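Student: For reference, this is query.txt, and it has compact mmCIF, C-alpha atoms.
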```txt
# COMPACT_ATOMS: atom_id res chain seq x y z
CA MET A 1 83.08 72.93 162.77
CA THR A 2 83.78 75.98 164.94
CA ALA A 3 84.73 79.60 164.34
CA GLU A 4 88.24 78.81 165.58
CA ILE A 5 89.21 76.52 162.76
CA ILE A 6 87.96 78.52 159.78
CA PRO A 7 90.21 81.50 158.94
CA ASP A 8 88.33 84.82 158.96
CA ILE A 9 89.52 85.55 155.44
CA VAL A 10 87.61 82.46 154.27
CA VAL A 11 84.51 83.51 156.22
CA SER A 12 84.74 86.94 154.59
CA ARG A 13 84.34 85.35 151.13
CA LEU A 14 81.31 83.15 151.90
CA PRO A 15 78.68 85.93 151.67
CA SER A 16 79.95 86.87 148.18
CA TYR A 17 79.77 83.24 147.08
CA LEU A 18 76.21 83.03 148.38
CA GLN A 19 75.18 86.27 146.70
CA THR A 20 76.63 85.18 143.36
CA LEU A 21 75.00 81.74 143.62
CA ASN A 22 71.62 83.36 144.32
CA GLN A 23 72.07 85.55 141.25
CA MET A 24 72.98 82.52 139.10
CA ALA A 25 70.00 80.53 140.43
CA LYS A 26 67.77 83.44 139.42
CA GLU A 27 69.32 83.32 135.94
CA GLY A 28 68.28 79.67 135.64
CA PHE A 29 71.48 77.74 136.46
CA TYR A 30 71.10 74.40 138.29
CA THR A 31 74.78 73.52 138.66
CA VAL A 32 77.91 75.63 138.78
CA SER A 33 81.57 74.77 138.32
CA SER A 34 84.17 76.24 140.65
CA LYS A 35 85.57 78.02 137.54
CA MET A 36 82.26 79.74 136.71
CA LEU A 37 81.70 80.82 140.30
CA ALA A 38 85.32 81.98 140.55
CA ASP A 39 85.09 84.11 137.39
CA ARG A 40 82.00 85.90 138.70
CA VAL A 41 83.31 86.46 142.22
CA GLY A 42 86.80 87.44 141.09
CA VAL A 43 88.90 84.76 142.80
CA THR A 44 90.56 81.60 141.45
CA ALA A 45 88.73 78.28 141.02
CA ALA A 46 91.32 76.67 143.31
CA GLN A 47 90.41 79.22 146.01
CA ILE A 48 86.71 78.33 145.77
CA ARG A 49 87.42 74.58 145.99
CA LYS A 50 89.77 75.08 148.93
CA ASP A 51 87.35 77.35 150.80
CA LEU A 52 84.38 75.01 150.35
CA SER A 53 86.44 71.94 151.23
CA LEU A 54 86.92 73.42 154.72
CA PHE A 55 83.20 72.84 155.24
CA GLY A 56 83.25 69.32 153.85
CA GLY A 57 82.99 70.05 150.10
CA PHE A 58 79.70 70.09 148.25
CA GLY A 59 80.34 68.70 144.77
CA LYS A 60 81.72 65.72 142.89
CA GLN A 61 84.88 66.12 140.82
CA GLY A 62 83.99 67.17 137.30
CA THR A 63 80.22 67.58 137.73
CA GLY A 64 80.12 70.98 139.41
CA TYR A 65 78.15 71.99 142.48
CA PRO A 66 74.35 71.68 142.58
CA ILE A 67 73.43 75.35 143.08
CA TYR A 68 70.42 74.98 145.39
CA HIS A 69 72.22 72.54 147.68
CA LEU A 70 75.23 74.84 147.88
CA ILE A 71 73.03 77.86 148.64
CA GLU A 72 71.29 75.93 151.42
CA GLU A 73 74.57 74.82 152.96
CA LEU A 74 76.08 78.31 152.85
CA GLN A 75 72.93 79.71 154.45
CA LYS A 76 73.29 77.18 157.28
CA ILE A 77 76.98 78.00 157.73
CA LEU A 78 76.15 81.72 157.92
CA ASN A 79 73.36 81.09 160.47
CA MET A 80 70.69 82.37 158.09
CA ASP A 81 68.16 79.86 159.46
CA ARG A 82 66.79 82.63 161.69
CA VAL A 83 66.02 86.35 161.40
CA TRP A 84 68.69 88.55 162.98
CA LYS A 85 67.46 91.69 164.75
CA VAL A 86 69.68 94.71 164.24
CA ALA A 87 69.77 98.18 165.87
CA VAL A 88 70.90 101.28 163.97
CA VAL A 89 72.62 103.91 166.14
CA GLY A 90 72.69 107.33 164.49
CA ALA A 91 69.65 108.43 162.46
CA GLY A 92 71.35 110.86 160.08
CA ASP A 93 71.25 110.43 156.29
CA LEU A 94 73.25 107.21 156.40
CA GLY A 95 71.42 105.66 159.35
CA ARG A 96 68.09 106.42 157.69
CA ALA A 97 69.29 105.03 154.37
CA LEU A 98 70.32 101.81 156.09
CA ALA A 99 67.04 101.54 158.00
CA HIS A 100 65.20 101.86 154.67
CA TYR A 101 67.50 99.50 152.80
CA GLN A 102 65.40 96.91 150.98
CA GLY A 103 68.25 94.42 150.72
CA PHE A 104 68.09 93.39 154.39
CA GLY A 105 64.66 91.80 154.72
CA LEU A 106 65.13 89.25 151.96
CA ARG A 107 68.38 88.12 153.50
CA GLY A 108 67.33 87.45 157.07
CA ILE A 109 68.16 90.81 158.64
CA GLU A 110 65.55 92.99 160.35
CA ILE A 111 66.21 96.53 161.56
CA VAL A 112 64.16 96.70 164.77
CA LEU A 113 65.52 99.81 166.54
CA ILE A 114 66.98 103.17 165.55
CA PHE A 115 68.49 105.73 167.93
CA ASP A 116 69.76 109.30 167.84
CA ILE A 117 70.86 111.98 170.29
CA ASP A 118 69.42 114.98 168.42
CA PRO A 119 66.06 116.17 169.92
CA LYS A 120 65.00 117.31 166.41
CA ILE A 121 65.41 113.73 165.08
CA ILE A 122 64.14 111.79 168.12
CA GLY A 123 60.48 110.88 167.63
CA THR A 124 60.56 111.15 163.82
CA GLN A 125 59.62 108.13 161.70
CA VAL A 126 61.99 106.07 159.56
CA GLY A 127 59.71 103.68 157.70
CA ALA A 128 57.81 101.79 160.41
CA LEU A 129 60.30 102.73 163.14
CA THR A 130 60.31 105.71 165.50
CA VAL A 131 63.72 107.20 166.30
CA LEU A 132 64.38 106.66 170.03
CA PRO A 133 66.73 108.67 172.28
CA VAL A 134 70.14 107.09 172.97
CA ASP A 135 69.24 107.16 176.68
CA GLN A 136 66.91 104.25 175.98
CA MET A 137 69.51 102.38 173.92
CA ALA A 138 70.77 99.96 176.58
CA SER A 139 67.33 99.05 177.92
CA GLU A 140 65.71 98.57 174.50
CA ILE A 141 68.59 96.50 173.17
CA LYS A 142 68.50 94.26 176.23
CA LYS A 143 64.71 93.93 176.08
CA MET A 144 64.74 92.89 172.42
CA GLY A 145 67.84 90.70 172.68
CA VAL A 146 69.61 92.53 169.87
CA LYS A 147 73.14 91.19 169.26
CA ILE A 148 74.09 93.20 166.15
CA ALA A 149 74.30 97.01 165.87
CA ILE A 150 75.12 99.32 162.98
CA LEU A 151 77.02 102.39 164.12
CA THR A 152 76.58 105.56 162.03
CA VAL A 153 77.41 108.21 164.63
CA PRO A 154 80.14 110.88 164.17
CA GLY A 155 83.71 109.73 164.72
CA ASP A 156 84.24 111.56 168.00
CA VAL A 157 81.42 109.71 169.81
CA ALA A 158 81.84 106.32 168.13
CA GLN A 159 84.10 104.74 170.78
CA PRO A 160 81.96 105.56 173.87
CA THR A 161 78.78 104.65 171.97
CA ALA A 162 80.27 101.29 170.97
CA GLU A 163 81.24 100.63 174.58
CA ARG A 164 77.67 101.29 175.72
CA LEU A 165 76.39 98.91 173.04
CA VAL A 166 78.71 96.17 174.27
CA GLU A 167 77.57 96.72 177.87
CA ALA A 168 73.98 96.34 176.67
CA GLY A 169 74.77 92.91 175.20
CA VAL A 170 75.70 93.69 171.58
CA GLU A 171 78.26 91.18 170.29
CA ALA A 172 78.83 92.42 166.75
CA ILE A 173 79.13 95.93 165.33
CA LEU A 174 79.09 97.14 161.75
CA ASN A 175 81.02 100.40 162.11
CA TYR A 176 80.45 103.23 159.60
CA ALA A 177 82.19 105.83 161.78
CA PRO A 178 85.62 106.85 160.46
CA VAL A 179 87.56 105.53 163.48
CA THR A 180 89.04 102.21 164.54
CA LEU A 181 87.08 100.95 167.56
CA ILE A 182 88.98 99.42 170.48
CA LEU A 183 86.77 96.76 172.06
CA PRO A 184 87.16 93.41 173.86
CA GLU A 185 88.40 90.62 171.59
CA SER A 186 85.12 88.74 171.96
CA ILE A 187 83.28 91.53 170.11
CA HIS A 188 83.19 91.17 166.32
CA VAL A 189 83.63 94.42 164.43
CA GLN A 190 83.39 95.08 160.71
CA HIS A 191 84.41 98.51 159.47
CA ILE A 192 82.83 100.09 156.40
CA ASP A 193 84.40 103.34 155.25
CA PRO A 194 83.86 104.45 151.66
CA VAL A 195 87.07 106.49 151.86
CA LEU A 196 89.15 103.38 152.48
CA HIS A 197 87.60 101.72 149.44
CA ILE A 198 88.12 104.77 147.25
CA GLN A 199 91.73 105.07 148.41
CA ARG A 200 92.27 101.47 147.35
CA LEU A 201 90.86 102.37 143.92
CA MET A 202 93.07 105.48 143.78
CA TYR A 203 96.14 103.28 144.14
CA TYR A 204 95.39 101.71 140.76
CA LEU A 205 94.50 104.94 138.96
CA GLY A 206 97.71 106.77 139.87
CA MET B 1 106.96 99.95 141.95
CA THR B 2 103.89 99.18 139.82
CA ALA B 3 100.40 97.88 140.48
CA GLU B 4 101.46 94.53 139.01
CA ILE B 5 103.93 93.60 141.71
CA ILE B 6 101.95 94.51 144.84
CA PRO B 7 99.21 91.98 145.67
CA ASP B 8 95.76 93.56 145.90
CA ILE B 9 95.28 92.12 149.38
CA VAL B 10 98.26 94.25 150.52
CA VAL B 11 96.86 97.35 148.77
CA SER B 12 93.54 96.72 150.54
CA ARG B 13 95.25 97.10 153.94
CA LEU B 14 97.15 100.34 153.24
CA PRO B 15 94.19 102.71 153.72
CA SER B 16 93.53 101.19 157.18
CA TYR B 17 97.17 101.63 158.10
CA LEU B 18 97.02 105.25 157.00
CA GLN B 19 93.80 105.94 158.89
CA THR B 20 95.17 104.41 162.08
CA LEU B 21 98.45 106.35 161.75
CA ASN B 22 96.53 109.60 161.30
CA GLN B 23 94.54 108.83 164.44
CA MET B 24 97.74 108.07 166.40
CA ALA B 25 99.39 111.27 165.13
CA LYS B 26 96.35 113.20 166.39
CA GLU B 27 96.79 111.50 169.78
CA GLY B 28 100.36 112.85 169.94
CA PHE B 29 102.48 109.87 168.89
CA TYR B 30 105.68 110.60 166.92
CA THR B 31 106.85 107.03 166.34
CA VAL B 32 105.00 103.75 166.16
CA SER B 33 106.19 100.16 166.39
CA SER B 34 104.82 97.53 164.01
CA LYS B 35 103.33 95.85 167.11
CA MET B 36 101.38 98.96 168.17
CA LEU B 37 100.09 99.59 164.68
CA ALA B 38 99.22 95.90 164.30
CA ASP B 39 97.23 95.80 167.55
CA ARG B 40 95.15 98.79 166.49
CA VAL B 41 94.52 97.60 162.94
CA GLY B 42 93.88 94.01 163.93
CA VAL B 43 96.63 92.22 161.99
CA THR B 44 99.98 90.77 163.11
CA ALA B 45 103.15 92.85 163.49
CA ALA B 46 104.86 90.52 160.99
CA GLN B 47 102.12 91.35 158.46
CA ILE B 48 102.71 95.09 158.86
CA ARG B 49 106.48 94.71 158.43
CA LYS B 50 106.03 92.46 155.40
CA ASP B 51 103.48 94.77 153.75
CA LEU B 52 105.58 97.91 154.27
CA SER B 53 108.78 96.16 153.14
CA LEU B 54 107.16 95.74 149.70
CA PHE B 55 107.42 99.51 149.36
CA GLY B 56 110.99 99.68 150.58
CA GLY B 57 110.45 99.73 154.36
CA PHE B 58 110.23 102.91 156.37
CA GLY B 59 111.85 102.21 159.73
CA LYS B 60 114.99 100.99 161.39
CA GLN B 61 114.97 97.72 163.32
CA GLY B 62 114.01 98.36 166.94
CA THR B 63 113.27 102.07 166.73
CA GLY B 64 109.80 101.96 165.21
CA TYR B 65 108.48 103.98 162.29
CA PRO B 66 108.47 107.80 162.36
CA ILE B 67 104.70 108.42 162.06
CA TYR B 68 104.72 111.56 159.90
CA HIS B 69 107.17 110.08 157.41
CA LEU B 70 105.13 106.89 157.17
CA ILE B 71 101.90 108.88 156.66
CA GLU B 72 103.53 110.91 153.90
CA GLU B 73 104.83 107.80 152.13
CA LEU B 74 101.49 106.00 152.34
CA GLN B 75 99.75 109.10 150.96
CA LYS B 76 102.17 109.09 148.01
CA ILE B 77 101.64 105.36 147.40
CA LEU B 78 97.86 105.88 147.43
CA ASN B 79 98.11 108.84 145.01
CA MET B 80 96.74 111.26 147.55
CA ASP B 81 98.94 114.08 146.21
CA ARG B 82 95.96 115.31 144.18
CA VAL B 83 92.20 115.75 144.69
CA TRP B 84 90.15 112.97 143.07
CA LYS B 85 86.85 114.01 141.52
CA VAL B 86 84.05 111.52 142.07
CA ALA B 87 80.53 111.20 140.60
CA VAL B 88 77.62 109.72 142.59
CA VAL B 89 75.05 107.90 140.46
CA GLY B 90 71.72 107.46 142.25
CA ALA B 91 70.48 110.28 144.50
CA GLY B 92 68.33 108.26 146.91
CA ASP B 93 68.95 108.23 150.68
CA LEU B 94 72.30 106.51 150.30
CA GLY B 95 73.55 108.62 147.38
CA ARG B 96 72.59 111.79 149.24
CA ALA B 97 74.25 110.55 152.44
CA LEU B 98 77.46 109.89 150.51
CA ALA B 99 77.34 113.27 148.76
CA HIS B 100 77.05 114.91 152.20
CA TYR B 101 79.68 112.74 153.84
CA GLN B 102 82.19 114.96 155.61
CA GLY B 103 84.92 112.33 155.60
CA PHE B 104 85.73 112.77 151.90
CA GLY B 105 87.02 116.33 151.68
CA LEU B 106 89.73 115.94 154.29
CA ARG B 107 91.06 112.88 152.53
CA GLY B 108 91.46 114.14 148.98
CA ILE B 109 88.09 113.11 147.54
CA GLU B 110 85.62 115.60 146.07
CA ILE B 111 82.09 114.68 145.02
CA VAL B 112 81.57 116.86 141.93
CA LEU B 113 78.51 115.33 140.24
CA ILE B 114 75.33 113.55 141.32
CA PHE B 115 72.80 111.94 138.98
CA ASP B 116 69.35 110.37 139.16
CA ILE B 117 66.66 109.15 136.79
CA ASP B 118 63.64 110.24 138.88
CA PRO B 119 62.10 113.55 137.62
CA LYS B 120 61.06 114.33 141.22
CA ILE B 121 64.69 114.18 142.36
CA ILE B 122 66.37 115.77 139.30
CA GLY B 123 67.00 119.47 139.94
CA THR B 124 66.95 119.17 143.75
CA GLN B 125 69.97 120.25 145.78
CA VAL B 126 72.34 118.00 147.69
CA GLY B 127 74.61 120.37 149.56
CA ALA B 128 76.19 122.54 146.87
CA LEU B 129 75.34 120.12 144.04
CA THR B 130 72.25 119.96 141.83
CA VAL B 131 71.02 116.48 140.92
CA LEU B 132 71.43 116.05 137.15
CA PRO B 133 69.51 113.66 134.88
CA VAL B 134 71.32 110.43 133.94
CA ASP B 135 70.96 111.50 130.28
CA GLN B 136 73.72 114.04 130.97
CA MET B 137 75.89 111.51 132.80
CA ALA B 138 78.26 110.57 129.96
CA SER B 139 78.82 114.14 128.75
CA GLU B 140 79.33 115.64 132.24
CA ILE B 141 81.71 112.87 133.31
CA LYS B 142 83.76 113.30 130.14
CA LYS B 143 83.76 117.10 130.47
CA MET B 144 85.03 116.98 134.06
CA GLY B 145 87.45 114.10 133.55
CA VAL B 146 85.92 112.04 136.35
CA LYS B 147 87.57 108.62 136.70
CA ILE B 148 85.83 107.34 139.86
CA ALA B 149 82.08 106.79 140.31
CA ILE B 150 79.99 105.65 143.26
CA LEU B 151 77.03 103.55 142.16
CA THR B 152 73.94 103.62 144.42
CA VAL B 153 71.24 102.69 141.89
CA PRO B 154 68.84 99.72 142.35
CA GLY B 155 70.26 96.28 141.56
CA ASP B 156 68.31 95.77 138.34
CA VAL B 157 69.81 98.81 136.61
CA ALA B 158 73.31 98.62 138.10
CA GLN B 159 74.94 96.63 135.28
CA PRO B 160 73.79 98.84 132.34
CA THR B 161 74.52 101.98 134.36
CA ALA B 162 78.04 100.75 135.11
CA GLU B 163 78.59 100.01 131.41
CA ARG B 164 77.58 103.56 130.52
CA LEU B 165 79.97 104.91 133.15
CA VAL B 166 82.82 102.90 131.66
CA GLU B 167 81.99 104.17 128.16
CA ALA B 168 82.14 107.71 129.53
CA GLY B 169 85.69 107.14 130.79
CA VAL B 170 85.20 105.97 134.37
CA GLU B 171 87.97 103.57 135.41
CA ALA B 172 86.98 102.73 138.98
CA ILE B 173 83.58 102.07 140.54
CA LEU B 174 82.55 101.83 144.17
CA ASN B 175 79.45 99.65 143.88
CA TYR B 176 76.72 99.84 146.54
CA ALA B 177 74.16 97.99 144.38
CA PRO B 178 73.51 94.43 145.58
CA VAL B 179 74.81 92.76 142.39
CA THR B 180 78.20 91.64 141.10
CA LEU B 181 79.13 93.84 138.13
CA ILE B 182 80.65 92.21 135.05
CA LEU B 183 83.04 94.73 133.47
CA PRO B 184 86.32 94.70 131.49
CA GLU B 185 89.33 93.61 133.56
CA SER B 186 90.89 97.06 133.26
CA ILE B 187 88.05 98.55 135.35
CA HIS B 188 88.60 98.49 139.11
CA VAL B 189 85.51 97.67 141.13
CA GLN B 190 85.01 97.69 144.89
CA HIS B 191 81.75 96.29 146.24
CA ILE B 192 80.20 97.59 149.46
CA ASP B 193 77.16 95.69 150.67
CA PRO B 194 76.20 95.97 154.35
CA VAL B 195 74.43 92.61 154.06
CA LEU B 196 77.68 90.82 153.19
CA HIS B 197 79.35 92.37 156.23
CA ILE B 198 76.47 91.49 158.54
CA GLN B 199 76.40 87.92 157.22
CA ARG B 200 80.08 87.65 158.05
CA LEU B 201 79.26 88.82 161.59
CA MET B 202 76.34 86.33 161.76
CA TYR B 203 78.78 83.49 161.15
CA TYR B 204 80.45 84.21 164.48
CA LEU B 205 77.26 84.73 166.48
CA GLY B 206 75.64 81.43 165.47
```
Translate this structure into structure tokens?

Tutor:
Amino acid sequence: MTAEIIPDIVVSRLPSYLQTLNQMAKEGFYTVSSKMLADRVGVTAAQIRKDLSLFGGFGKQGTGYPIYHLIEELQKILNMDRVWKVAVVGAGDLGRALAHYQGFGLRGIEIVLIFDIDPKIIGTQVGALTVLPVDQMASEIKKMGVKIAILTVPGDVAQPTAERLVEAGVEAILNYAPVTLILPESIHVQHIDPVLHIQRLMYYLG
Amino acid sequence: MTAEIIPDIVVSRLPSYLQTLNQMAKEGFYTVSSKMLADRVGVTAAQIRKDLSLFGGFGKQGTGYPIYHLIEELQKILNMDRVWKVAVVGAGDLGRALAHYQGFGLRGIEIVLIFDIDPKIIGTQVGALTVLPVDQMASEIKKMGVKIAILTVPGDVAQPTAERLVEAGVEAILNYAPVTLILPESIHVQHIDPVLHIQRLMYYLG
């Protein structure tokens, strides 16, 4: 089972499945049918069965999936058996909001570093972290073995900053800057831009 | 050309196409081939041609697309011929960051209202806006004809808050709360959760 054989579009759905299963487990469910899961996630039951079958399938026909087993398997598939250290680059409103975000810790993600270029922001506290100057970015990221970075810098400096992150050993970037990053194919990039999501909503409201 | 006949997965790609075209126009390009656009966006050239052909196609075989014409058409398709008023619900770090976000104004989105439940936050300023109490949410949203809301409240109050937004006339919600909202099918919901994106990245780093 390698990254090559599972289409990225399938991978993109797994975290939503996991999140919905966790919510259903909290509500007291012990098993879940592909139909129930599908209705909550907003895909078809056939899609769920097809996606999960790529990983070997986790349920018997007609009896539904045992929720806790499915959660455990999805966590393994998503490499959630360890804590992932993440650096935030850009300590403006958004960077600070992300560094404070309570949703990370419970789901195996730890923000361990935060950087900025502004002398007024460097040295200030964000929760338990001190904002470090970007000059120390490469060395700190190497020292701590950070592989994932969240980029919340302005658009015009996003590309060079991302390149420096890659040189320092970062292999995956969650990009909040409003530009498309051009990086080696081996680097995994996810782009989050609220404007793109709102534009998609606008299409339907027209 | 109605929402019914264009698959949502195609709609989801249009804002990225538009953003990339705007960036290329800024760089001085006048025409763009499907291959060039595809390489920047990270899809195949065949995908671009197929997606755009659903809207009638915008280029001649072999000559590429005229960038400014394509930008204009995509803006029309995405209903960007008007300014969309948006309410932010939840004025914590993230809500404030979004209300300040410079990327909205240039792309036809105006944050016109921001709400919170915390008496310490109500009445404070976020840029030019004053944080209003959630008690005034329904009346203000109706008064201003707001159809799009951004939800940045804690997970445990997200569902009832979303229901109140829908009652007040909101038709589309950008949901930053870490829960799956259950709303009438006519309501368009986009979910942004950095954890889901990072988990997708984690899959590849395992």

Student: Any idea which chain B residues end up within 8 Å of chain A if we count all atoms listed in the file, as an MDAnalysis selection string please?

Tutor: chainID B and resid 3 11:12 14:16 19:20 23 40:41 77:80 93:94 96:98 103:104 107 109 171:172 174 178:180 182 188:190 192 195:206

Student: Record the distance separating CA of Tyr65 (chain B) and CA of Val32 (chain B), expressed in Å with one decimal.

Tutor: 5.2 Å

Student: Mind pulling up the distance from CA of Val126 (chain A) to CA of Ile114 (chain B)?

Tutor: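 CA of Val126 (chain A) lies 23.8 Å from CA of Ile114 (chain B).
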
Student: Quick check, in Å to one decimal: how far apart do CA of Leu74 (chain A) and CA of Asn22 (chain A) lie?

Tutor: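 Going from CA of Leu74 (chain A) over to CA of Asn22 (chain A), I get 10.9 Å.
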
Student: Which residues, written as a PyMOL selection string, have at least one atom at most 8 Å from Val112 (chain A), with all atoms listed in the file counted and residues fewer than 4 positions away on the same chain left out?

Tutor: chain A and resi 85-87+129

Student: Just write region 32-60 of chain B with N, CA and C atoms, as a PDB file, in the first residue's frame, taken from the block above.

Tutor:
```pdb
ATOM      1  N   VAL B  32      -2.622  31.946 -22.894  1.00  0.00           N
ATOM      2  CA  VAL B  32      -2.154  30.832 -22.073  1.00  0.00           C
ATOM      3  C   VAL B  32      -2.655  29.532 -22.716  1.00  0.00           C
ATOM      4  N   SER B  33      -1.764  28.545 -22.788  1.00  0.00           N
ATOM      5  CA  SER B  33      -2.197  27.236 -23.289  1.00  0.00           C
ATOM      6  C   SER B  33      -2.782  26.440 -22.124  1.00  0.00           C
ATOM      7  N   SER B  34      -3.606  25.431 -22.456  1.00  0.00           N
ATOM      8  CA  SER B  34      -4.161  24.600 -21.388  1.00  0.00           C
ATOM      9  C   SER B  34      -3.020  23.906 -20.631  1.00  0.00           C
ATOM     10  N   LYS B  35      -1.947  23.581 -21.335  1.00  0.00           N
ATOM     11  CA  LYS B  35      -0.786  22.929 -20.693  1.00  0.00           C
ATOM     12  C   LYS B  35      -0.141  23.836 -19.632  1.00  0.00           C
ATOM     13  N   MET B  36       0.080  25.117 -20.003  1.00  0.00           N
ATOM     14  CA  MET B  36       0.701  26.048 -19.054  1.00  0.00           C
ATOM     15  C   MET B  36      -0.166  26.255 -17.821  1.00  0.00           C
ATOM     16  N   LEU B  37      -1.450  26.460 -18.065  1.00  0.00           N
ATOM     17  CA  LEU B  37      -2.376  26.667 -16.951  1.00  0.00           C
ATOM     18  C   LEU B  37      -2.411  25.407 -16.076  1.00  0.00           C
ATOM     19  N   ALA B  38      -2.447  24.252 -16.737  1.00  0.00           N
ATOM     20  CA  ALA B  38      -2.520  22.976 -16.023  1.00  0.00           C
ATOM     21  C   ALA B  38      -1.302  22.786 -15.115  1.00  0.00           C
ATOM     22  N   ASP B  39      -0.108  23.086 -15.664  1.00  0.00           N
ATOM     23  CA  ASP B  39       1.113  22.892 -14.879  1.00  0.00           C
ATOM     24  C   ASP B  39       1.105  23.754 -13.617  1.00  0.00           C
ATOM     25  N   ARG B  40       0.594  24.982 -13.760  1.00  0.00           N
ATOM     26  CA  ARG B  40       0.576  25.874 -12.598  1.00  0.00           C
ATOM     27  C   ARG B  40      -0.458  25.452 -11.565  1.00  0.00           C
ATOM     28  N   VAL B  41      -1.624  25.011 -12.053  1.00  0.00           N
ATOM     29  CA  VAL B  41      -2.714  24.668 -11.128  1.00  0.00           C
ATOM     30  C   VAL B  41      -2.495  23.286 -10.516  1.00  0.00           C
ATOM     31  N   GLY B  42      -1.804  22.426 -11.259  1.00  0.00           N
ATOM     32  CA  GLY B  42      -1.578  21.082 -10.747  1.00  0.00           C
ATOM     33  C   GLY B  42      -2.639  20.075 -11.186  1.00  0.00           C
ATOM     34  N   VAL B  43      -3.219  20.287 -12.366  1.00  0.00           N
ATOM     35  CA  VAL B  43      -4.124  19.285 -12.950  1.00  0.00           C
ATOM     36  C   VAL B  43      -3.598  18.976 -14.353  1.00  0.00           C
ATOM     37  N   THR B  44      -4.298  18.125 -15.117  1.00  0.00           N
ATOM     38  CA  THR B  44      -3.839  17.834 -16.476  1.00  0.00           C
ATOM     39  C   THR B  44      -4.431  18.846 -17.460  1.00  0.00           C
ATOM     40  N   ALA B  45      -3.748  19.008 -18.601  1.00  0.00           N
ATOM     41  CA  ALA B  45      -4.245  19.919 -19.640  1.00  0.00           C
ATOM     42  C   ALA B  45      -5.606  19.444 -20.146  1.00  0.00           C
ATOM     43  N   ALA B  46      -5.792  18.122 -20.231  1.00  0.00           N
ATOM     44  CA  ALA B  46      -7.076  17.574 -20.691  1.00  0.00           C
ATOM     45  C   ALA B  46      -8.206  17.980 -19.734  1.00  0.00           C
ATOM     46  N   GLN B  47      -7.876  17.993 -18.439  1.00  0.00           N
ATOM     47  CA  GLN B  47      -8.863  18.390 -17.421  1.00  0.00           C
ATOM     48  C   GLN B  47      -9.305  19.834 -17.634  1.00  0.00           C
ATOM     49  N   ILE B  48      -8.337  20.716 -17.859  1.00  0.00           N
ATOM     50  CA  ILE B  48      -8.638  22.134 -18.092  1.00  0.00           C
ATOM     51  C   ILE B  48      -9.550  22.282 -19.312  1.00  0.00           C
ATOM     52  N   ARG B  49      -9.170  21.625 -20.412  1.00  0.00           N
ATOM     53  CA  ARG B  49      -9.968  21.749 -21.644  1.00  0.00           C
ATOM     54  C   ARG B  49     -11.374  21.225 -21.435  1.00  0.00           C
ATOM     55  N   LYS B  50     -11.481  20.101 -20.720  1.00  0.00           N
ATOM     56  CA  LYS B  50     -12.788  19.492 -20.479  1.00  0.00           C
ATOM     57  C   LYS B  50     -13.644  20.408 -19.594  1.00  0.00           C
ATOM     58  N   ASP B  51     -13.036  20.917 -18.517  1.00  0.00           N
ATOM     59  CA  ASP B  51     -13.780  21.796 -17.602  1.00  0.00           C
ATOM     60  C   ASP B  51     -14.296  23.031 -18.342  1.00  0.00           C
ATOM     61  N   LEU B  52     -13.405  23.680 -19.104  1.00  0.00           N
ATOM     62  CA  LEU B  52     -13.801  24.929 -19.768  1.00  0.00           C
ATOM     63  C   LEU B  52     -14.807  24.670 -20.887  1.00  0.00           C
ATOM     64  N   SER B  53     -14.723  23.479 -21.502  1.00  0.00           N
ATOM     65  CA  SER B  53     -15.658  23.179 -22.595  1.00  0.00           C
ATOM     66  C   SER B  53     -17.094  23.093 -22.080  1.00  0.00           C
ATOM     67  N   LEU B  54     -17.267  22.796 -20.785  1.00  0.00           N
ATOM     68  CA  LEU B  54     -18.613  22.737 -20.195  1.00  0.00           C
ATOM     69  C   LEU B  54     -19.286  24.101 -20.240  1.00  0.00           C
ATOM     70  N   PHE B  55     -18.474  25.148 -20.318  1.00  0.00           N
ATOM     71  CA  PHE B  55     -19.014  26.509 -20.358  1.00  0.00           C
ATOM     72  C   PHE B  55     -18.949  27.085 -21.768  1.00  0.00           C
ATOM     73  N   GLY B  56     -18.683  26.231 -22.739  1.00  0.00           N
ATOM     74  CA  GLY B  56     -18.701  26.683 -24.121  1.00  0.00           C
ATOM     75  C   GLY B  56     -17.320  26.775 -24.752  1.00  0.00           C
ATOM     76  N   GLY B  57     -16.259  26.662 -23.954  1.00  0.00           N
ATOM     77  CA  GLY B  57     -14.902  26.746 -24.509  1.00  0.00           C
ATOM     78  C   GLY B  57     -14.552  28.181 -24.818  1.00  0.00           C
ATOM     79  N   PHE B  58     -13.299  28.537 -24.670  1.00  0.00           N
ATOM     80  CA  PHE B  58     -12.906  29.936 -24.782  1.00  0.00           C
ATOM     81  C   PHE B  58     -11.676  30.132 -25.647  1.00  0.00           C
ATOM     82  N   GLY B  59     -11.267  29.104 -26.377  1.00  0.00           N
ATOM     83  CA  GLY B  59     -10.040  29.258 -27.163  1.00  0.00           C
ATOM     84  C   GLY B  59     -10.129  28.461 -28.446  1.00  0.00           C
ATOM     85  N   LYS B  60      -9.246  28.800 -29.386  1.00  0.00           N
ATOM     86  CA  LYS B  60      -9.179  28.035 -30.620  1.00  0.00           C
ATOM     87  C   LYS B  60      -8.073  26.998 -30.498  1.00  0.00           C
TER      88      LYS B  60
END
```
